[in-house]
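J.: Sharing structure28.txt, compact mmCIF, C-alpha atoms and all ligand atoms:
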# COMPACT_ATOMS: atom_id res chain seq x y z
CA MET A 1 0.00 0.00 0.00
CA ASN A 2 1.22 3.55 -0.78
CA PHE A 3 1.52 6.33 1.75
CA PRO A 4 -1.52 8.60 1.99
CA SER A 5 -1.44 12.16 0.72
CA ALA A 6 -1.63 14.96 3.29
CA GLU A 7 -4.87 16.12 1.71
CA ASN A 8 -6.54 12.69 2.03
CA PHE A 9 -5.42 12.56 5.61
CA ARG A 10 -6.84 16.00 6.43
CA SER A 11 -10.21 15.01 4.89
CA LEU A 12 -10.26 11.78 6.92
CA LEU A 13 -9.56 13.62 10.16
CA ALA A 14 -12.35 16.10 9.46
CA ASP A 15 -14.79 13.22 8.79
CA LEU A 16 -13.64 11.29 11.86
CA ALA A 17 -14.08 14.33 14.10
CA GLU A 18 -17.57 14.90 12.70
CA SER A 19 -18.62 11.24 13.07
CA GLY A 20 -18.09 11.29 16.84
CA VAL A 21 -16.26 7.95 16.91
CA GLY A 22 -14.41 9.01 20.02
CA PRO A 23 -11.31 11.02 20.91
CA ILE A 24 -8.57 11.01 18.28
CA ARG A 25 -4.97 11.09 19.44
CA PHE A 26 -2.43 12.60 17.03
CA ASP A 27 1.24 11.65 16.66
CA GLU A 28 0.66 8.95 19.22
CA PRO A 29 3.87 7.09 20.16
CA LEU A 30 3.28 3.44 19.26
CA ALA A 31 5.79 2.47 21.94
CA ASN A 32 2.96 3.22 24.39
CA HIS A 33 0.84 0.50 22.75
CA CYS A 34 3.33 -2.34 22.66
CA SER A 35 4.77 -4.59 25.35
CA TRP A 36 8.25 -4.15 23.82
CA ARG A 37 7.96 -0.36 24.32
CA ILE A 38 9.23 0.16 20.76
CA GLY A 39 7.81 2.13 17.84
CA GLY A 40 7.62 5.62 16.38
CA PRO A 41 4.52 7.82 16.19
CA ALA A 42 1.25 6.94 14.46
CA ASP A 43 -0.46 9.79 12.63
CA ALA A 44 -3.67 9.13 14.56
CA LEU A 45 -5.15 6.62 17.02
CA VAL A 46 -8.82 6.00 17.77
CA GLU A 47 -10.26 3.70 20.43
CA PRO A 48 -13.93 3.03 19.62
CA CYS A 49 -16.49 1.97 22.22
CA ASP A 50 -18.86 -0.03 20.04
CA ALA A 51 -19.13 -2.00 16.79
CA ALA A 52 -20.88 0.84 14.98
CA HIS A 53 -17.92 3.13 15.64
CA VAL A 54 -15.48 0.46 14.46
CA ALA A 55 -17.48 0.16 11.22
CA GLU A 56 -17.52 3.94 10.78
CA VAL A 57 -13.73 4.25 11.18
CA VAL A 58 -13.24 1.42 8.65
CA ARG A 59 -15.57 3.03 6.12
CA LEU A 60 -13.95 6.45 6.46
CA ALA A 61 -10.39 5.11 6.20
CA ARG A 62 -11.42 3.26 3.05
CA LYS A 63 -13.19 6.28 1.59
CA HIS A 64 -10.04 8.40 1.95
CA ALA A 65 -7.61 5.56 1.10
CA ILE A 66 -5.80 5.81 4.43
CA PRO A 67 -4.02 2.72 5.88
CA LEU A 68 -5.78 1.32 8.93
CA LEU A 69 -3.97 -0.76 11.53
CA VAL A 70 -6.02 -2.81 14.00
CA ILE A 71 -4.40 -3.53 17.35
CA GLY A 72 -5.30 -4.92 20.75
CA GLN A 73 -2.65 -4.46 23.45
CA GLY A 74 0.31 -4.79 21.07
CA THR A 75 1.77 -7.79 22.91
CA ASN A 76 2.61 -9.57 19.68
CA LEU A 77 3.58 -6.61 17.51
CA LEU A 78 6.82 -4.90 16.55
CA TYR A 79 6.18 -1.40 15.21
CA ASP A 80 8.65 0.34 12.94
CA ASP A 81 10.90 3.10 14.31
CA ALA A 82 9.27 5.40 11.74
CA GLY A 83 5.84 4.64 13.24
CA LEU A 84 2.74 4.50 11.06
CA ARG A 85 1.47 6.78 8.29
CA GLY A 86 -2.18 6.06 8.86
CA VAL A 87 -4.75 5.45 11.57
CA VAL A 88 -4.56 2.96 14.42
CA LEU A 89 -7.83 1.38 15.49
CA LYS A 90 -7.32 0.15 19.02
CA ILE A 91 -9.81 -2.45 20.26
CA GLY A 92 -9.39 -2.26 24.01
CA ALA A 93 -11.15 -1.92 27.34
CA ARG A 94 -13.96 0.20 25.87
CA LEU A 95 -15.18 -2.90 24.01
CA SER A 96 -15.06 -5.50 26.75
CA ARG A 97 -18.55 -6.38 27.94
CA VAL A 98 -19.02 -9.99 29.08
CA GLU A 99 -22.17 -12.13 29.34
CA ILE A 100 -22.26 -15.64 30.76
CA ALA A 101 -25.18 -17.97 30.01
CA GLY A 102 -25.13 -21.73 30.51
CA ASN A 103 -21.80 -23.03 29.18
CA GLY A 104 -21.33 -20.03 26.92
CA ILE A 105 -19.45 -16.76 27.32
CA THR A 106 -19.98 -13.85 24.97
CA ALA A 107 -17.30 -11.20 25.31
CA GLY A 108 -16.22 -7.96 23.65
CA ALA A 109 -12.99 -8.27 21.67
CA GLY A 110 -11.16 -5.77 23.88
CA ILE A 111 -11.40 -7.77 27.09
CA TRP A 112 -8.09 -8.52 28.83
CA VAL A 113 -7.58 -12.27 28.38
CA PRO A 114 -6.33 -13.19 31.90
CA HIS A 115 -9.37 -11.37 33.32
CA LEU A 116 -11.68 -13.40 31.06
CA ALA A 117 -9.96 -16.65 32.10
CA ARG A 118 -10.55 -15.77 35.78
CA LEU A 119 -14.21 -14.84 35.18
CA ALA A 120 -14.82 -18.14 33.39
CA ALA A 121 -13.17 -20.19 36.14
CA ARG A 122 -15.12 -18.38 38.85
CA ALA A 123 -18.33 -19.18 36.95
CA GLY A 124 -17.30 -22.88 36.92
CA LEU A 125 -16.55 -22.90 33.18
CA SER A 126 -13.45 -24.70 31.96
CA GLY A 127 -11.53 -24.27 28.70
CA LEU A 128 -9.72 -20.94 29.07
CA GLU A 129 -7.33 -21.82 31.93
CA HIS A 130 -4.45 -22.16 29.44
CA THR A 131 -4.80 -18.43 28.61
CA ILE A 132 -4.31 -17.14 32.17
CA GLY A 133 -0.75 -15.94 31.48
CA ILE A 134 -1.34 -14.45 28.03
CA PRO A 135 -1.25 -10.65 28.23
CA GLY A 136 -3.49 -9.34 25.46
CA THR A 137 -7.05 -8.91 24.27
CA LEU A 138 -9.49 -11.56 23.15
CA GLY A 139 -9.51 -10.07 19.62
CA GLY A 140 -5.72 -10.34 19.39
CA LEU A 141 -5.80 -13.86 20.82
CA LEU A 142 -8.37 -14.95 18.22
CA ALA A 143 -6.47 -13.34 15.35
CA MET A 144 -3.30 -15.15 16.49
CA ASN A 145 -5.19 -18.28 17.58
CA GLY A 146 -3.04 -18.02 20.68
CA GLY A 147 -2.89 -20.36 23.64
CA SER A 148 -0.51 -22.55 25.57
CA PHE A 149 0.04 -26.20 26.49
CA ARG A 150 -0.69 -27.07 22.84
CA ARG A 151 -4.15 -25.54 23.20
CA ALA A 152 -5.52 -22.61 21.21
CA VAL A 153 -8.44 -20.26 21.81
CA GLY A 154 -10.02 -21.27 18.49
CA ASP A 155 -10.77 -24.72 20.01
CA ASN A 156 -13.53 -23.11 22.09
CA LEU A 157 -14.91 -20.60 19.62
CA LEU A 158 -18.53 -20.90 18.52
CA ARG A 159 -18.85 -17.73 16.46
CA VAL A 160 -17.39 -14.31 16.10
CA TRP A 161 -18.92 -10.95 15.18
CA THR A 162 -16.63 -9.02 12.87
CA ILE A 163 -16.49 -5.85 10.82
CA ASN A 164 -15.07 -6.55 7.37
CA ARG A 165 -12.85 -4.17 5.42
CA ALA A 166 -15.92 -2.70 3.68
CA GLY A 167 -17.24 -1.69 7.12
CA GLU A 168 -20.02 -4.31 7.19
CA GLN A 169 -20.86 -6.67 10.03
CA GLU A 170 -20.25 -10.38 9.38
CA VAL A 171 -20.77 -13.28 11.75
CA LEU A 172 -18.23 -16.08 11.22
CA THR A 173 -18.28 -19.67 12.47
CA ARG A 174 -15.19 -21.41 13.82
CA GLU A 175 -14.66 -23.11 10.44
CA GLN A 176 -14.78 -19.78 8.62
CA CYS A 177 -12.05 -18.42 10.92
CA GLY A 178 -9.57 -20.90 9.36
CA PHE A 179 -7.59 -21.53 12.55
CA GLY A 180 -4.13 -23.10 12.36
CA TYR A 181 -1.09 -23.05 14.61
CA ARG A 182 -0.83 -19.40 15.79
CA ARG A 183 -2.68 -18.19 12.72
CA SER A 184 -6.20 -17.55 11.48
CA ALA A 185 -7.98 -16.41 8.36
CA LEU A 186 -8.84 -13.23 10.31
CA GLN A 187 -5.24 -12.08 9.81
CA ASN A 188 -5.44 -12.23 6.02
CA SER A 189 -9.02 -11.13 5.46
CA GLY A 190 -8.56 -8.10 7.69
CA ALA A 191 -11.83 -8.91 9.50
CA ILE A 192 -11.96 -6.99 12.77
CA VAL A 193 -13.26 -8.95 15.74
CA VAL A 194 -15.69 -6.98 17.88
CA ARG A 195 -17.32 -9.76 19.91
CA SER A 196 -17.19 -13.53 20.18
CA GLU A 197 -19.00 -16.44 21.72
CA LEU A 198 -17.01 -19.20 23.37
CA GLU A 199 -18.31 -22.60 24.34
CA LEU A 200 -16.82 -23.97 27.56
CA ALA A 201 -17.40 -27.05 29.73
CA PRO A 202 -18.46 -27.33 33.37
CA GLY A 203 -15.44 -27.50 35.69
CA ASP A 204 -14.43 -27.25 39.34
CA PRO A 205 -13.56 -23.60 40.16
CA ARG A 206 -11.08 -24.59 42.90
CA GLN A 207 -9.19 -26.98 40.66
CA MET A 208 -9.13 -24.44 37.82
CA ARG A 209 -7.79 -21.76 40.16
CA LYS A 210 -5.07 -24.17 41.34
CA ASP A 211 -4.09 -25.01 37.74
CA MET A 212 -3.97 -21.35 36.75
CA LEU A 213 -1.83 -20.37 39.74
CA ALA A 214 0.58 -23.20 38.90
CA ASP A 215 0.80 -21.94 35.29
CA LEU A 216 1.52 -18.37 36.46
CA ARG A 217 4.22 -19.61 38.88
CA GLU A 218 5.86 -21.60 36.08
CA ARG A 219 5.81 -18.56 33.77
CA ARG A 220 7.39 -16.40 36.48
CA ARG A 221 10.12 -18.99 36.90
CA LYS A 222 10.93 -19.48 33.20
CA PHE A 223 10.14 -16.19 31.43
CA PRO A 224 11.83 -12.77 31.60
CA ARG A 225 10.84 -10.53 34.50
CA LYS A 226 8.00 -8.01 34.22
CA ARG A 227 10.46 -5.10 34.17
CA GLU A 228 12.13 -6.52 31.03
CA PRO A 229 9.84 -5.40 28.16
CA ASN A 230 9.28 -8.22 25.68
CA CYS A 231 6.74 -9.61 23.26
CA GLY A 232 6.56 -13.21 24.45
CA SER A 233 7.96 -15.95 22.22
CA VAL A 234 9.62 -14.42 19.19
CA PHE A 235 9.94 -17.59 17.11
CA LEU A 236 7.22 -20.10 16.26
CA SER A 237 7.34 -23.34 18.14
CA THR A 238 5.34 -25.95 16.22
CA ALA A 239 4.83 -29.61 17.21
CA GLU A 240 6.65 -30.64 14.01
CA MET A 241 9.64 -28.49 14.95
CA HIS A 242 9.75 -30.02 18.46
CA ALA A 243 9.77 -33.50 16.92
CA THR A 244 12.58 -32.76 14.45
CA VAL A 245 14.97 -30.11 15.80
CA GLY A 246 13.54 -29.22 19.24
CA PRO A 247 11.99 -26.07 20.73
CA PRO A 248 13.26 -22.67 19.52
CA GLY A 249 14.59 -21.61 22.95
CA ARG A 250 16.86 -24.66 23.07
CA ILE A 251 18.01 -24.25 19.45
CA ILE A 252 18.99 -20.62 20.08
CA GLU A 253 20.71 -21.52 23.35
CA GLU A 254 22.67 -24.36 21.69
CA ALA A 255 23.75 -21.91 18.99
CA GLY A 256 25.43 -19.94 21.81
CA LEU A 257 23.26 -16.87 21.32
CA LYS A 258 21.75 -16.47 24.80
CA GLY A 259 22.55 -12.99 26.09
CA THR A 260 23.60 -11.68 22.64
CA ARG A 261 22.87 -7.99 22.34
CA ILE A 262 22.40 -5.60 19.43
CA GLY A 263 21.84 -2.00 20.48
CA GLY A 264 19.24 -2.09 23.25
CA ALA A 265 17.79 -5.50 22.30
CA GLU A 266 19.02 -8.68 23.98
CA ILE A 267 18.26 -12.39 23.74
CA SER A 268 17.02 -13.16 27.23
CA CYS A 269 19.38 -15.12 29.47
CA ARG A 270 16.35 -16.66 31.18
CA HIS A 271 14.64 -17.97 28.02
CA ALA A 272 16.33 -17.71 24.62
CA ASN A 273 13.06 -17.47 22.66
CA PHE A 274 12.47 -14.03 24.21
CA ILE A 275 14.09 -10.77 23.12
CA ILE A 276 14.05 -8.10 25.80
CA ASN A 277 14.35 -4.34 25.54
CA ARG A 278 17.26 -3.43 27.78
CA GLY A 279 16.46 0.27 27.33
CA GLY A 280 16.29 2.30 24.16
CA ALA A 281 15.95 -0.73 21.85
CA THR A 282 14.80 0.12 18.35
CA CYS A 283 12.81 -1.91 15.87
CA ARG A 284 15.98 -2.18 13.83
CA ASP A 285 17.86 -3.66 16.80
CA VAL A 286 15.19 -6.35 17.23
CA LEU A 287 15.00 -7.17 13.51
CA SER A 288 18.81 -7.38 13.36
CA LEU A 289 18.82 -9.81 16.29
CA ILE A 290 16.09 -11.92 14.60
CA ASP A 291 18.17 -11.91 11.42
CA LEU A 292 21.28 -12.99 13.35
CA VAL A 293 19.40 -15.88 15.01
CA ARG A 294 17.94 -17.07 11.71
CA ARG A 295 21.28 -16.94 9.86
CA THR A 296 23.18 -18.67 12.70
CA VAL A 297 20.61 -21.47 13.05
CA ARG A 298 20.37 -21.93 9.28
CA GLU A 299 24.18 -22.32 9.04
CA ARG A 300 24.35 -24.63 12.08
CA ILE A 301 21.47 -27.05 11.53
CA GLY A 302 19.90 -25.99 8.23
CA PHE A 303 16.57 -25.07 9.86
CA GLU A 304 14.47 -22.02 8.86
CA MET A 305 13.18 -20.32 12.03
CA ARG A 306 9.91 -18.46 11.55
CA CYS A 307 8.52 -15.70 13.74
CA GLU A 308 5.34 -15.67 15.78
CA VAL A 309 5.83 -11.94 16.43
CA ARG A 310 4.45 -9.68 13.71
CA TYR A 311 6.18 -6.63 12.26
CA VAL A 312 4.15 -3.56 11.26
CA LYS A 313 5.54 -1.55 8.35
CA PRO A 314 5.08 2.23 8.31
CA ASN A 315 2.35 1.77 5.67
CA GLY A 316 0.36 -0.51 8.01
CA GLU A 317 1.18 -3.84 6.33
CA ILE A 318 1.73 -6.63 8.85
CA THR A 319 4.09 -9.52 8.17
CA PRO A 320 5.79 -12.14 10.33
CA ALA A 321 8.85 -10.38 11.78
CA ASP A 322 11.26 -12.75 9.96
CA ARG A 323 10.20 -11.12 6.69
CA GLY A 324 10.98 -7.70 8.16
CA ALA A 325 14.35 -9.06 9.24
CA ASP A 326 15.01 -10.50 5.74
CA ALA A 327 14.52 -7.03 4.30
CA LEU A 328 17.52 -5.81 6.38
CA SER A 329 19.85 -8.48 5.02
CA PRO A 330 21.49 -7.65 1.69
CA GLY A 331 21.84 -11.37 0.85
C1 LIG B 1 5.04 -12.07 28.39
C2 LIG B 1 4.24 -12.58 27.22
C3 LIG B 1 3.81 -13.89 27.19
C4 LIG B 1 3.06 -14.38 26.11
N1 LIG B 1 2.63 -15.68 26.12
C5 LIG B 1 1.88 -16.15 25.09
C6 LIG B 1 1.40 -17.50 25.09
O1 LIG B 1 1.62 -18.27 26.01
N2 LIG B 1 0.69 -17.92 24.02
C7 LIG B 1 0.38 -17.09 22.98
O2 LIG B 1 -0.31 -17.54 22.05
N3 LIG B 1 0.83 -15.81 22.94
C8 LIG B 1 1.57 -15.31 23.96
N4 LIG B 1 2.03 -14.02 23.93
C9 LIG B 1 1.80 -13.18 22.73
C10 LIG B 1 0.55 -12.29 22.82
O3 LIG B 1 0.24 -11.99 24.16
C11 LIG B 1 -0.68 -12.92 22.15
O4 LIG B 1 -0.44 -13.15 20.78
C12 LIG B 1 -1.93 -12.05 22.32
O5 LIG B 1 -3.05 -12.83 22.05
C13 LIG B 1 -1.95 -10.80 21.44
O6 LIG B 1 -3.05 -10.00 21.84
P1 LIG B 1 -3.02 -8.42 21.63
O7 LIG B 1 -4.34 -7.89 22.05
O8 LIG B 1 -1.85 -7.82 22.33
O9 LIG B 1 -2.85 -8.33 20.05
P2 LIG B 1 -1.86 -7.38 19.24
O10 LIG B 1 -0.46 -7.74 19.56
O11 LIG B 1 -2.28 -5.98 19.41
O12 LIG B 1 -2.18 -7.86 17.74
C14 LIG B 1 -1.79 -9.15 17.30
C15 LIG B 1 -2.46 -9.42 15.94
O13 LIG B 1 -3.87 -9.49 16.12
C16 LIG B 1 -4.54 -8.53 15.32
N5 LIG B 1 -5.69 -8.05 16.10
C17 LIG B 1 -5.67 -7.48 17.33
N6 LIG B 1 -6.93 -7.22 17.74
C18 LIG B 1 -7.74 -7.62 16.75
C19 LIG B 1 -9.16 -7.60 16.56
N7 LIG B 1 -10.00 -7.12 17.49
N8 LIG B 1 -9.66 -8.09 15.41
C20 LIG B 1 -8.85 -8.59 14.44
N9 LIG B 1 -7.51 -8.62 14.55
C21 LIG B 1 -6.97 -8.15 15.70
C22 LIG B 1 -3.51 -7.45 15.01
O14 LIG B 1 -3.79 -6.77 13.82
C23 LIG B 1 -2.24 -8.30 14.92
O15 LIG B 1 -2.12 -8.90 13.66
C24 LIG B 1 2.77 -13.51 25.02
C25 LIG B 1 3.22 -12.18 25.05
C26 LIG B 1 3.94 -11.71 26.14
C27 LIG B 1 4.38 -10.28 26.17
What would the structure in this file look like if it were written as structure tokens?

T.:
Amino acid sequence: MNFPSAENFRSLLADLAESGVGPIRFDEPLANHCSWRIGGPADALVEPCDAAHVAEVVRLARKHAIPLLVIGQGTNLLYDDAGLRGVVLKIGARLSRVEIAGNGITAGAGIWVPHLARLAARAGLSGLEHTIGIPGTLGGLLAMNGGSFRRAVGDNLLRVWTINRAGEQEVLTREQCGFGYRRSALQNSGAIVVRSELELAPGDPRQMRKDMLADLRERRRKFPRKREPNCGSVFLSTAEMHATVGPPGRIIEEAGLKGTRIGGAEISCRHANFIINRGGATCRDVLSLIDLVRRTVRERIGFEMRCEVRYVKPNGEITPADRGADALSPG
């Protein structure tokens, strides 16, 4: 996608202001919307409070040919140092209403996932315990089909209410979401999740609480500390990879890269599949480190490491971060 003209952008802002979709923040530092604390300014950021506002922002961005980037809490995103020439649509706490009926939970896409997992367990509904340690929104989790312990949120999805890129509402079934390992058709179609219905099973609240506390303890033991900004696992860790070459953390550690630093970005000494921001890390530092890992592993064992983390170009295109890293390498 090309960069928008200043005139198109001015017309969009005028329309957005008139439509009352909510406060618009200008030159908003994307580092404030990303767990890595990295990223330059976005031209504008809007945080809608209902599906109608989401649809309106989509329609207006399309009308004026302005790139639109949809984000949750930015816990799986690496923004460019140049930021974004377009509008960020943040689906967050303002879209987080929850209803529980029978074995079903219907929740707004902006709900904080660990909070949802706790609500479900308290209501005696099992199926989301594996998400207790995943810091992000339900919309982001569905787009990524995230989860842990070889589980994924898509396993429990019944249907999802979305706004498509024409600004129309569409209800999709689990099959239509095309879930795979840490991917979904939502990523490619650009459908924006506004609400979803999950089907859970009856469970014992005390046992679920015990399991979730054990998971959180294990994460605290293995993962970088809270004060070390990171984006979770950088590289994909598929079952096939485990069976052939092993988990990414071990591969990186065996390649002798634990603790390697470029600029302010460092491969965590606690878990080598995490890159932490030691202070002042740039997007370029992180991409260079990803490139270094991929080249070293390729030379050592001939394996192509792929990224779970997604890189956002200044024109709003999102790609797996390994593609962003490839673009740095002359060869
Ligand atoms: C410490 C730590 C631990 C983590 N552990 C795990 C883990 O165990 N398992 C796991 O799977 N992930 C894990 N992650 C990664 C991350 O938390 C998840 O991918 C999370 O689900 C992303 O949610 P988000 O709201 O931050 O999405 P973002 O990072 O904001 O966005 C991720 C993708 O989803 C899209 N998106 C966001 N919201 C919507 C929406 N409403 N509709 C459509 N598309 C949308 C974005 O465009 C983007 O492509 C971890 C991250 C951290 C920092």

J.: Go ahead and compute the interatomic distance for atom CA of Val21 of chain A and atom CA of Leu158 of chain A, in Å to one decimal.

T.: 29.0 Å

J.: Between atom CA of Gln187 of chain A and atom CA of Pro67 of chain A, measure the distance and give it in Å to one decimal.

T.: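 The value is 15.4 Å.
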
J.: Neighbours of segment 40-54 of chain A within 8 Å (all atoms listed in the file; same-chain residues fewer than 6 positions away dropped), as a ChimeraX atom specification?

T.: /A:21-31,79-92,94-95,163,167,194

J.: Around all of ligand LIG 1 (chain B)'s listed atoms, make the axis-aligned box with 4 Å on each side and tell me centre and edge lengths in Å to one decimal, as AutoDock Vina command-line options.

T.:
--center_x -2.5 --center_y -12.1 --center_z 21.0 --size_x 23.0 --size_y 20.3 --size_z 22.7

J.: Please find the residues contacting ligand LIG 1 (chain B) at a distance of at most 6 Å between atoms, with only C-alpha atoms and all ligand atoms counted, and report them as a ChimeraX atom specification.

T.: /A:35,70-77,91,109,134-137,139-141,143-144,146-148,187,191-194,230-232

J.: Atom CA of Val312 of chain A and atom CA of Tyr181 of chain A, how far apart in Å?

T.: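 Going from atom CA of Tyr181 of chain A over to atom CA of Val312 of chain A covers 20.5 Å.
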
J.: Looking at all atoms listed in the file, which of A:Glu253, A:Glu228, A:Glu168, A:Glu199 is the one that sits closest to Ala120 of chain A?

T.: A:Glu199

J.: Pick the closest to Arg284 of chain A from A:Gly259, A:Pro224, A:Leu172, A:Gly39: which is it, counting all atoms listed in the file?

T.: A:Gly39

J.: Between A:Ser126, A:Ser19, A:Asn103, A:Ser96, single out the one closest to Arg195 of chain A, counting all atoms listed in the file.

T.: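 Ranking A:Ser126, A:Ser19, A:Asn103, A:Ser96 by distance to Arg195 of chain A, first place goes to A:Ser96.
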
J.: Closest to Asp204 of chain A among A:Arg59, A:Arg122, A:Arg159, A:Arg270, using only C-alpha atoms?

T.: A:Arg122

J.: Quick one: of A:Leu328, A:Val160, A:Ile132, A:Ile252, who's nearest to Ser268 of chain A, counting all atoms listed in the file?

T.: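 For Ser268 of chain A, the nearest of the candidates is A:Ile252.
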